[in-house]
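Asker: If it helps, the file is called run-v1.pdb and holds PDB, C-alpha atoms and all ligand atoms:
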ATOM      1  CA  MET A   1      10.836 -30.956  97.111  1.00  0.00           C
ATOM      2  CA  PRO A   2       7.234 -30.239  96.084  1.00  0.00           C
ATOM      3  CA  ASP A   3       5.787 -26.906  97.143  1.00  0.00           C
ATOM      4  CA  LYS A   4       3.001 -27.047  99.705  1.00  0.00           C
ATOM      5  CA  ARG A   5      -0.557 -26.584  98.473  1.00  0.00           C
ATOM      6  CA  ASN A   6      -1.767 -23.055  99.031  1.00  0.00           C
ATOM      7  CA  ASP A   7      -5.160 -23.167  97.370  1.00  0.00           C
ATOM      8  CA  VAL A   8      -6.878 -24.820 100.347  1.00  0.00           C
ATOM      9  CA  ILE A   9     -10.427 -23.918 101.308  1.00  0.00           C
ATOM     10  CA  THR A  10     -10.924 -21.210 103.930  1.00  0.00           C
ATOM     11  CA  TRP A  11     -12.019 -21.987 107.481  1.00  0.00           C
ATOM     12  CA  ASP A  12     -15.398 -20.429 106.679  1.00  0.00           C
ATOM     13  CA  GLU A  13     -15.833 -22.721 103.719  1.00  0.00           C
ATOM     14  CA  PHE A  14     -14.651 -25.757 105.656  1.00  0.00           C
ATOM     15  CA  PHE A  15     -17.097 -25.257 108.541  1.00  0.00           C
ATOM     16  CA  MET A  16     -19.960 -24.361 106.224  1.00  0.00           C
ATOM     17  CA  ARG A  17     -19.318 -27.513 104.192  1.00  0.00           C
ATOM     18  CA  VAL A  18     -19.576 -29.495 107.439  1.00  0.00           C
ATOM     19  CA  ALA A  19     -22.944 -27.806 108.077  1.00  0.00           C
ATOM     20  CA  VAL A  20     -24.034 -28.667 104.524  1.00  0.00           C
ATOM     21  CA  ALA A  21     -22.985 -32.297 105.093  1.00  0.00           C
ATOM     22  CA  ALA A  22     -25.020 -32.356 108.326  1.00  0.00           C
ATOM     23  CA  GLN A  23     -28.166 -31.122 106.591  1.00  0.00           C
ATOM     24  CA  LEU A  24     -27.982 -34.127 104.271  1.00  0.00           C
ATOM     25  CA  ARG A  25     -29.070 -36.191 107.308  1.00  0.00           C
ATOM     26  CA  SER A  26     -32.319 -34.239 107.717  1.00  0.00           C
ATOM     27  CA  LYS A  27     -35.545 -36.080 106.891  1.00  0.00           C
ATOM     28  CA  ASP A  28     -37.498 -32.837 106.461  1.00  0.00           C
ATOM     29  CA  PRO A  29     -38.817 -32.941 102.885  1.00  0.00           C
ATOM     30  CA  ASN A  30     -39.076 -29.162 102.567  1.00  0.00           C
ATOM     31  CA  THR A  31     -36.211 -27.542 104.462  1.00  0.00           C
ATOM     32  CA  GLN A  32     -33.033 -29.304 105.529  1.00  0.00           C
ATOM     33  CA  VAL A  33     -30.843 -27.353 107.940  1.00  0.00           C
ATOM     34  CA  GLY A  34     -27.314 -28.090 109.121  1.00  0.00           C
ATOM     35  CA  ALA A  35     -25.244 -26.383 111.817  1.00  0.00           C
ATOM     36  CA  CYS A  36     -21.586 -26.569 112.808  1.00  0.00           C
ATOM     37  CA  ILE A  37     -20.148 -24.812 115.866  1.00  0.00           C
ATOM     38  CA  ALA A  38     -16.451 -23.914 115.742  1.00  0.00           C
ATOM     39  CA  ASP A  39     -14.381 -22.265 118.446  1.00  0.00           C
ATOM     40  CA  THR A  40     -11.942 -19.394 118.040  1.00  0.00           C
ATOM     41  CA  ASN A  41      -9.106 -21.929 117.577  1.00  0.00           C
ATOM     42  CA  HIS A  42     -10.832 -23.359 114.489  1.00  0.00           C
ATOM     43  CA  ARG A  43     -11.854 -26.540 116.252  1.00  0.00           C
ATOM     44  CA  ILE A  44     -15.247 -28.084 115.600  1.00  0.00           C
ATOM     45  CA  LEU A  45     -17.186 -28.345 118.849  1.00  0.00           C
ATOM     46  CA  SER A  46     -20.452 -29.759 117.600  1.00  0.00           C
ATOM     47  CA  VAL A  47     -22.719 -30.441 114.656  1.00  0.00           C
ATOM     48  CA  GLY A  48     -26.495 -30.761 114.309  1.00  0.00           C
ATOM     49  CA  TYR A  49     -29.356 -30.915 111.849  1.00  0.00           C
ATOM     50  CA  ASN A  50     -33.131 -30.609 112.091  1.00  0.00           C
ATOM     51  CA  GLY A  51     -34.912 -33.785 113.074  1.00  0.00           C
ATOM     52  CA  THR A  52     -37.185 -35.359 115.634  1.00  0.00           C
ATOM     53  CA  PRO A  53     -35.721 -36.212 119.062  1.00  0.00           C
ATOM     54  CA  SER A  54     -33.656 -39.383 118.675  1.00  0.00           C
ATOM     55  CA  ALA A  55     -35.905 -41.316 121.079  1.00  0.00           C
ATOM     56  CA  LEU A  56     -38.859 -40.818 118.714  1.00  0.00           C
ATOM     57  CA  ASN A  57     -39.503 -43.040 115.734  1.00  0.00           C
ATOM     58  CA  ASP A  58     -39.610 -40.458 112.969  1.00  0.00           C
ATOM     59  CA  ASP A  59     -41.852 -42.731 110.876  1.00  0.00           C
ATOM     60  CA  ASP A  60     -44.598 -42.186 113.456  1.00  0.00           C
ATOM     61  CA  PHE A  61     -44.629 -38.394 113.148  1.00  0.00           C
ATOM     62  CA  PRO A  62     -45.789 -36.022 110.414  1.00  0.00           C
ATOM     63  CA  TRP A  63     -43.373 -34.462 107.928  1.00  0.00           C
ATOM     64  CA  GLY A  64     -45.932 -32.118 106.425  1.00  0.00           C
ATOM     65  CA  VAL A  65     -47.549 -28.947 107.694  1.00  0.00           C
ATOM     66  CA  SER A  66     -51.062 -28.656 109.027  1.00  0.00           C
ATOM     67  CA  ASP A  67     -53.317 -26.166 110.812  1.00  0.00           C
ATOM     68  CA  ASP A  68     -53.610 -28.858 113.482  1.00  0.00           C
ATOM     69  CA  PRO A  69     -50.439 -28.657 115.621  1.00  0.00           C
ATOM     70  CA  LEU A  70     -50.717 -32.379 116.350  1.00  0.00           C
ATOM     71  CA  LEU A  71     -50.284 -33.070 112.635  1.00  0.00           C
ATOM     72  CA  ASP A  72     -47.637 -30.447 111.923  1.00  0.00           C
ATOM     73  CA  LYS A  73     -43.940 -31.364 111.640  1.00  0.00           C
ATOM     74  CA  HIS A  74     -42.902 -28.120 113.357  1.00  0.00           C
ATOM     75  CA  SER A  75     -44.368 -29.462 116.609  1.00  0.00           C
ATOM     76  CA  TYR A  76     -41.918 -32.374 116.678  1.00  0.00           C
ATOM     77  CA  VAL A  77     -38.694 -31.246 115.013  1.00  0.00           C
ATOM     78  CA  VAL A  78     -35.676 -30.101 117.032  1.00  0.00           C
ATOM     79  CA  HIS A  79     -33.938 -27.333 115.108  1.00  0.00           C
ATOM     80  CA  ALA A  80     -30.417 -27.775 113.771  1.00  0.00           C
ATOM     81  CA  GLU A  81     -28.927 -25.066 115.972  1.00  0.00           C
ATOM     82  CA  ALA A  82     -30.568 -26.457 119.107  1.00  0.00           C
ATOM     83  CA  ASN A  83     -29.302 -29.928 118.232  1.00  0.00           C
ATOM     84  CA  ALA A  84     -25.785 -28.601 117.687  1.00  0.00           C
ATOM     85  CA  VAL A  85     -25.847 -27.057 121.184  1.00  0.00           C
ATOM     86  CA  LEU A  86     -27.461 -30.151 122.740  1.00  0.00           C
ATOM     87  CA  ASN A  87     -25.027 -32.514 121.008  1.00  0.00           C
ATOM     88  CA  TYR A  88     -22.014 -30.784 122.557  1.00  0.00           C
ATOM     89  CA  ARG A  89     -20.437 -33.143 125.105  1.00  0.00           C
ATOM     90  CA  GLY A  90     -18.202 -30.612 126.862  1.00  0.00           C
ATOM     91  CA  SER A  91     -18.905 -27.689 129.144  1.00  0.00           C
ATOM     92  CA  LEU A  92     -21.382 -25.182 127.696  1.00  0.00           C
ATOM     93  CA  LYS A  93     -19.015 -22.382 128.670  1.00  0.00           C
ATOM     94  CA  ASP A  94     -16.796 -23.560 125.776  1.00  0.00           C
ATOM     95  CA  LEU A  95     -19.469 -22.210 123.409  1.00  0.00           C
ATOM     96  CA  ASN A  96     -18.784 -18.686 124.643  1.00  0.00           C
ATOM     97  CA  HIS A  97     -17.597 -16.573 121.659  1.00  0.00           C
ATOM     98  CA  ALA A  98     -17.817 -19.574 119.317  1.00  0.00           C
ATOM     99  CA  THR A  99     -19.103 -19.226 115.761  1.00  0.00           C
ATOM    100  CA  ILE A 100     -22.086 -21.175 114.470  1.00  0.00           C
ATOM    101  CA  TYR A 101     -22.233 -21.959 110.750  1.00  0.00           C
ATOM    102  CA  VAL A 102     -25.812 -22.565 109.660  1.00  0.00           C
ATOM    103  CA  THR A 103     -27.314 -23.315 106.286  1.00  0.00           C
ATOM    104  CA  LEU A 104     -30.443 -21.297 107.209  1.00  0.00           C
ATOM    105  CA  PHE A 105     -30.610 -18.102 109.249  1.00  0.00           C
ATOM    106  CA  PRO A 106     -31.677 -19.090 112.804  1.00  0.00           C
ATOM    107  CA  CYS A 107     -35.295 -18.608 113.839  1.00  0.00           C
ATOM    108  CA  HIS A 108     -36.080 -16.556 116.954  1.00  0.00           C
ATOM    109  CA  GLU A 109     -36.248 -19.639 119.198  1.00  0.00           C
ATOM    110  CA  CYS A 110     -32.766 -20.664 118.101  1.00  0.00           C
ATOM    111  CA  ALA A 111     -31.523 -17.084 118.445  1.00  0.00           C
ATOM    112  CA  LYS A 112     -32.520 -17.192 122.136  1.00  0.00           C
ATOM    113  CA  ILE A 113     -30.633 -20.458 122.648  1.00  0.00           C
ATOM    114  CA  LEU A 114     -27.539 -19.145 120.839  1.00  0.00           C
ATOM    115  CA  ALA A 115     -27.612 -15.972 122.904  1.00  0.00           C
ATOM    116  CA  GLN A 116     -28.007 -17.922 126.133  1.00  0.00           C
ATOM    117  CA  VAL A 117     -24.918 -20.067 125.499  1.00  0.00           C
ATOM    118  CA  GLY A 118     -22.835 -17.052 124.463  1.00  0.00           C
ATOM    119  CA  ILE A 119     -22.353 -17.721 120.755  1.00  0.00           C
ATOM    120  CA  GLY A 120     -20.413 -14.790 119.324  1.00  0.00           C
ATOM    121  CA  GLU A 121     -21.115 -15.011 115.598  1.00  0.00           C
ATOM    122  CA  VAL A 122     -23.605 -16.535 113.192  1.00  0.00           C
ATOM    123  CA  VAL A 123     -22.551 -17.310 109.619  1.00  0.00           C
ATOM    124  CA  TYR A 124     -25.361 -18.383 107.315  1.00  0.00           C
ATOM    125  CA  LEU A 125     -25.894 -19.576 103.755  1.00  0.00           C
ATOM    126  CA  SER A 126     -29.581 -18.831 103.205  1.00  0.00           C
ATOM    127  CA  ASP A 127     -31.920 -16.264 104.725  1.00  0.00           C
ATOM    128  CA  LYS A 128     -35.009 -17.451 102.885  1.00  0.00           C
ATOM    129  CA  TYR A 129     -37.332 -16.351 105.686  1.00  0.00           C
ATOM    130  CA  ASP A 130     -35.905 -12.811 105.724  1.00  0.00           C
ATOM    131  CA  GLY A 131     -38.572 -10.327 106.833  1.00  0.00           C
ATOM    132  CA  THR A 132     -40.883 -12.805 108.517  1.00  0.00           C
ATOM    133  CA  GLU A 133     -41.918 -12.157 112.098  1.00  0.00           C
ATOM    134  CA  SER A 134     -39.621 -14.875 113.473  1.00  0.00           C
ATOM    135  CA  ASN A 135     -36.719 -13.610 111.379  1.00  0.00           C
ATOM    136  CA  GLN A 136     -37.197 -10.018 112.574  1.00  0.00           C
ATOM    137  CA  ILE A 137     -37.370 -11.146 116.202  1.00  0.00           C
ATOM    138  CA  SER A 138     -34.270 -13.274 115.689  1.00  0.00           C
ATOM    139  CA  LYS A 139     -32.297 -10.332 114.292  1.00  0.00           C
ATOM    140  CA  ARG A 140     -33.506  -8.114 117.139  1.00  0.00           C
ATOM    141  CA  ILE A 141     -32.280 -10.684 119.670  1.00  0.00           C
ATOM    142  CA  LEU A 142     -28.912 -11.121 117.944  1.00  0.00           C
ATOM    143  CA  ASP A 143     -28.438  -7.354 117.581  1.00  0.00           C
ATOM    144  CA  SER A 144     -29.346  -6.709 121.208  1.00  0.00           C
ATOM    145  CA  CYS A 145     -26.970  -9.384 122.455  1.00  0.00           C
ATOM    146  CA  GLY A 146     -24.085  -8.186 120.278  1.00  0.00           C
ATOM    147  CA  ILE A 147     -24.017 -11.386 118.252  1.00  0.00           C
ATOM    148  CA  SER A 148     -22.739 -10.553 114.782  1.00  0.00           C
ATOM    149  CA  TYR A 149     -24.064 -12.282 111.695  1.00  0.00           C
ATOM    150  CA  ARG A 150     -23.021 -12.439 108.077  1.00  0.00           C
ATOM    151  CA  GLY A 151     -24.022 -14.378 105.006  1.00  0.00           C
ATOM    152  CA  MET A 152     -21.610 -16.339 102.849  1.00  0.00           C
ATOM    153  CA  SER A 153     -21.805 -18.450  99.728  1.00  0.00           C
ATOM    154  CA  LEU A 154     -19.993 -21.607  98.722  1.00  0.00           C
ATOM    155  CA  GLN A 155     -18.100 -22.194  95.484  1.00  0.00           C
ATOM    156  CA  SER A 156     -19.711 -25.071  93.636  1.00  0.00           C
TER     157      SER A 156
HETATM  158  O1  LIG B 201     -33.808 -21.928 112.993  1.00  0.00           O
HETATM  159  C1  LIG B 201     -34.291 -22.897 112.362  1.00  0.00           C
HETATM  160  C2  LIG B 201     -35.497 -22.809 111.681  1.00  0.00           C
HETATM  161  C3  LIG B 201     -36.039 -23.919 111.118  1.00  0.00           C
HETATM  162  N1  LIG B 201     -35.403 -25.106 111.228  1.00  0.00           N
HETATM  163  C4  LIG B 201     -36.037 -26.296 110.660  1.00  0.00           C
HETATM  164  C5  LIG B 201     -37.375 -26.659 111.247  1.00  0.00           C
HETATM  165  C6  LIG B 201     -38.069 -27.345 110.113  1.00  0.00           C
HETATM  166  O2  LIG B 201     -37.671 -28.727 110.097  1.00  0.00           O
HETATM  167  C7  LIG B 201     -37.499 -26.636 108.886  1.00  0.00           C
HETATM  168  C8  LIG B 201     -38.402 -25.521 108.408  1.00  0.00           C
HETATM  169  O3  LIG B 201     -39.402 -26.090 107.622  1.00  0.00           O
HETATM  170  P1  LIG B 201     -40.306 -25.175 106.664  1.00  0.00           P
HETATM  171  O4  LIG B 201     -41.087 -26.173 105.850  1.00  0.00           O
HETATM  172  O5  LIG B 201     -39.368 -24.347 105.818  1.00  0.00           O
HETATM  173  O6  LIG B 201     -41.174 -24.334 107.553  1.00  0.00           O
HETATM  174  O7  LIG B 201     -36.279 -26.062 109.281  1.00  0.00           O
HETATM  175  C9  LIG B 201     -34.184 -25.209 111.841  1.00  0.00           C
HETATM  176  O8  LIG B 201     -33.581 -26.297 111.933  1.00  0.00           O
HETATM  177  N2  LIG B 201     -33.649 -24.086 112.379  1.00  0.00           N
HETATM  178 ZN    ZN B 202     -34.769 -22.464 115.062  1.00  0.00          ZN
END
Turn this file's structure into structure tokens for me.
Answerer:
Amino acid sequence: MPDKRNDVITWDEFFMRVAVAAQLRSKDPNTQVGACIADTNHRILSVGYNGTPSALNDDDFPWGVSDDPLLDKHSYVVHAEANAVLNYRGSLKDLNHATIYVTLFPCHECAKILAQVGIGEVVYLSDKYDGTESNQISKRILDSCGISYRGMSLQS
């Protein structure tokens, strides 16, 4: 009888790899973001990545940045975390105490959404906007709502 495999990847690594796979779908040329929401029973509830609303033709919208909001991609992109919440087909109360795995630390707008649906923990790969205004507001929101957050890295 062969022994069972024990060197399997951790749950953290599994869910983060799902988030990394999701970000591969992003058309953003500068920053691709993926998100995976898992419940306390290690079940994946939802996945999302940053992109324009699906009803828009993303060829008709800018992918660069501009001082003119009409010509700036940020005006049209739905963030990965928001998409992961919006893509969930069940009752939003299922997201209570769930963990979101994100490839980029959530901005303050996403932090508000995560707080509102009761996410319990944020696990992130990159915090490349650490110290920016949005990042500081995001951490203030998460701290105030008792949402824990921690960084992790993936083995290559
Ligand atoms: O919480 C976040 C923050 C940002 N995003 C998305 C939005 C944009 O598509 C990119 C950021 O582009 P930059 O060129 O780095 O400004 O990331 C997100 O999905 N979630
Ligand atoms: Zn965001």
Asker: One number please: CA of Gln23 (chain A) to CA of Thr52 (chain A), in Å, one decimal.
Answerer: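 So the answer is 13.5 Å.
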Asker: Within 7 Å of (-24.9, -23.0, 130.3), all atoms listed in the file: residues as a PyMOL selection string?
Answerer: chain A and resi 92-93+117
Asker: For a test of reading the model, state the distance in Å between CA of Val8 (chain A) and CA of Ser153 (chain A), rounded to one decimal.
Answerer: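 These two atoms are separated by 16.2 Å.
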Asker: So which one's closest to Thr10 (chain A), A:Gly51, A:His42, A:Pro106, A:Asp130? Using all atoms listed in the file, please.
Answerer: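 Closest to Thr10 (chain A), using all atoms listed in the file: A:His42.
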Asker: Taking a cut-off of 8 Å and counting all atoms listed in the file, can you build a table that, for each residue of chain A near ligand ZN 202 (chain B), reports the nearest atom pair and how far apart they are in Å (one decimal), sorted by chain then residue number, as JSON lines?
Answerer:
{"residue": "A:Val78", "atom": "CA", "partner": "B:ZN202", "partner_atom": "ZN", "distance": 7.9}
{"residue": "A:His79", "atom": "CA", "partner": "B:ZN202", "partner_atom": "ZN", "distance": 4.9}
{"residue": "A:Ala80", "atom": "CA", "partner": "B:ZN202", "partner_atom": "ZN", "distance": 7.0}
{"residue": "A:Glu81", "atom": "CA", "partner": "B:ZN202", "partner_atom": "ZN", "distance": 6.5}
{"residue": "A:Ala82", "atom": "CA", "partner": "B:ZN202", "partner_atom": "ZN", "distance": 7.1}
{"residue": "A:Pro106", "atom": "CA", "partner": "B:ZN202", "partner_atom": "ZN", "distance": 5.1}
{"residue": "A:Cys107", "atom": "CA", "partner": "B:ZN202", "partner_atom": "ZN", "distance": 4.1}
{"residue": "A:His108", "atom": "CA", "partner": "B:ZN202", "partner_atom": "ZN", "distance": 6.3}
{"residue": "A:Glu109", "atom": "CA", "partner": "B:ZN202", "partner_atom": "ZN", "distance": 5.2}
{"residue": "A:Cys110", "atom": "CA", "partner": "B:ZN202", "partner_atom": "ZN", "distance": 4.1}
{"residue": "A:Ala111", "atom": "CA", "partner": "B:ZN202", "partner_atom": "ZN", "distance": 7.1}
Asker: Report, in Å to a single decimal, how far apart CA of Ser138 (chain A) and CA of Arg43 (chain A) are.
Answerer: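 CA of Arg43 (chain A) sits 26.1 Å away from CA of Ser138 (chain A).
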Asker: The PyMOL selection byres (((chain A and resi 48) around 6) and not hetatm) - which residues does that actually catch in the file I just gave you? List them as a ChimeraX atom specification.
Answerer: /A:34-35,47,49,80,83-84
Asker: Could you dump the residues just selected with C-alpha atoms as a compact mmCIF listing (two decimals), in the coordinates of the input?
Answerer:
# COMPACT_ATOMS: atom_id res chain seq x y z
CA GLY A 34 -27.31 -28.09 109.12
CA ALA A 35 -25.24 -26.38 111.82
CA VAL A 47 -22.72 -30.44 114.66
CA TYR A 49 -29.36 -30.92 111.85
CA ALA A 80 -30.42 -27.78 113.77
CA ASN A 83 -29.30 -29.93 118.23
CA ALA A 84 -25.78 -28.60 117.69
Asker: Selection in question (the file shown): the PyMOL selection byres (((chain A and resi 36) around 6) and not hetatm). Which residues does it include, as a list in words?
Answerer: Ala19, Ala35, Ile37, Ser46, Val47, Ile100 and Tyr101 of chain A
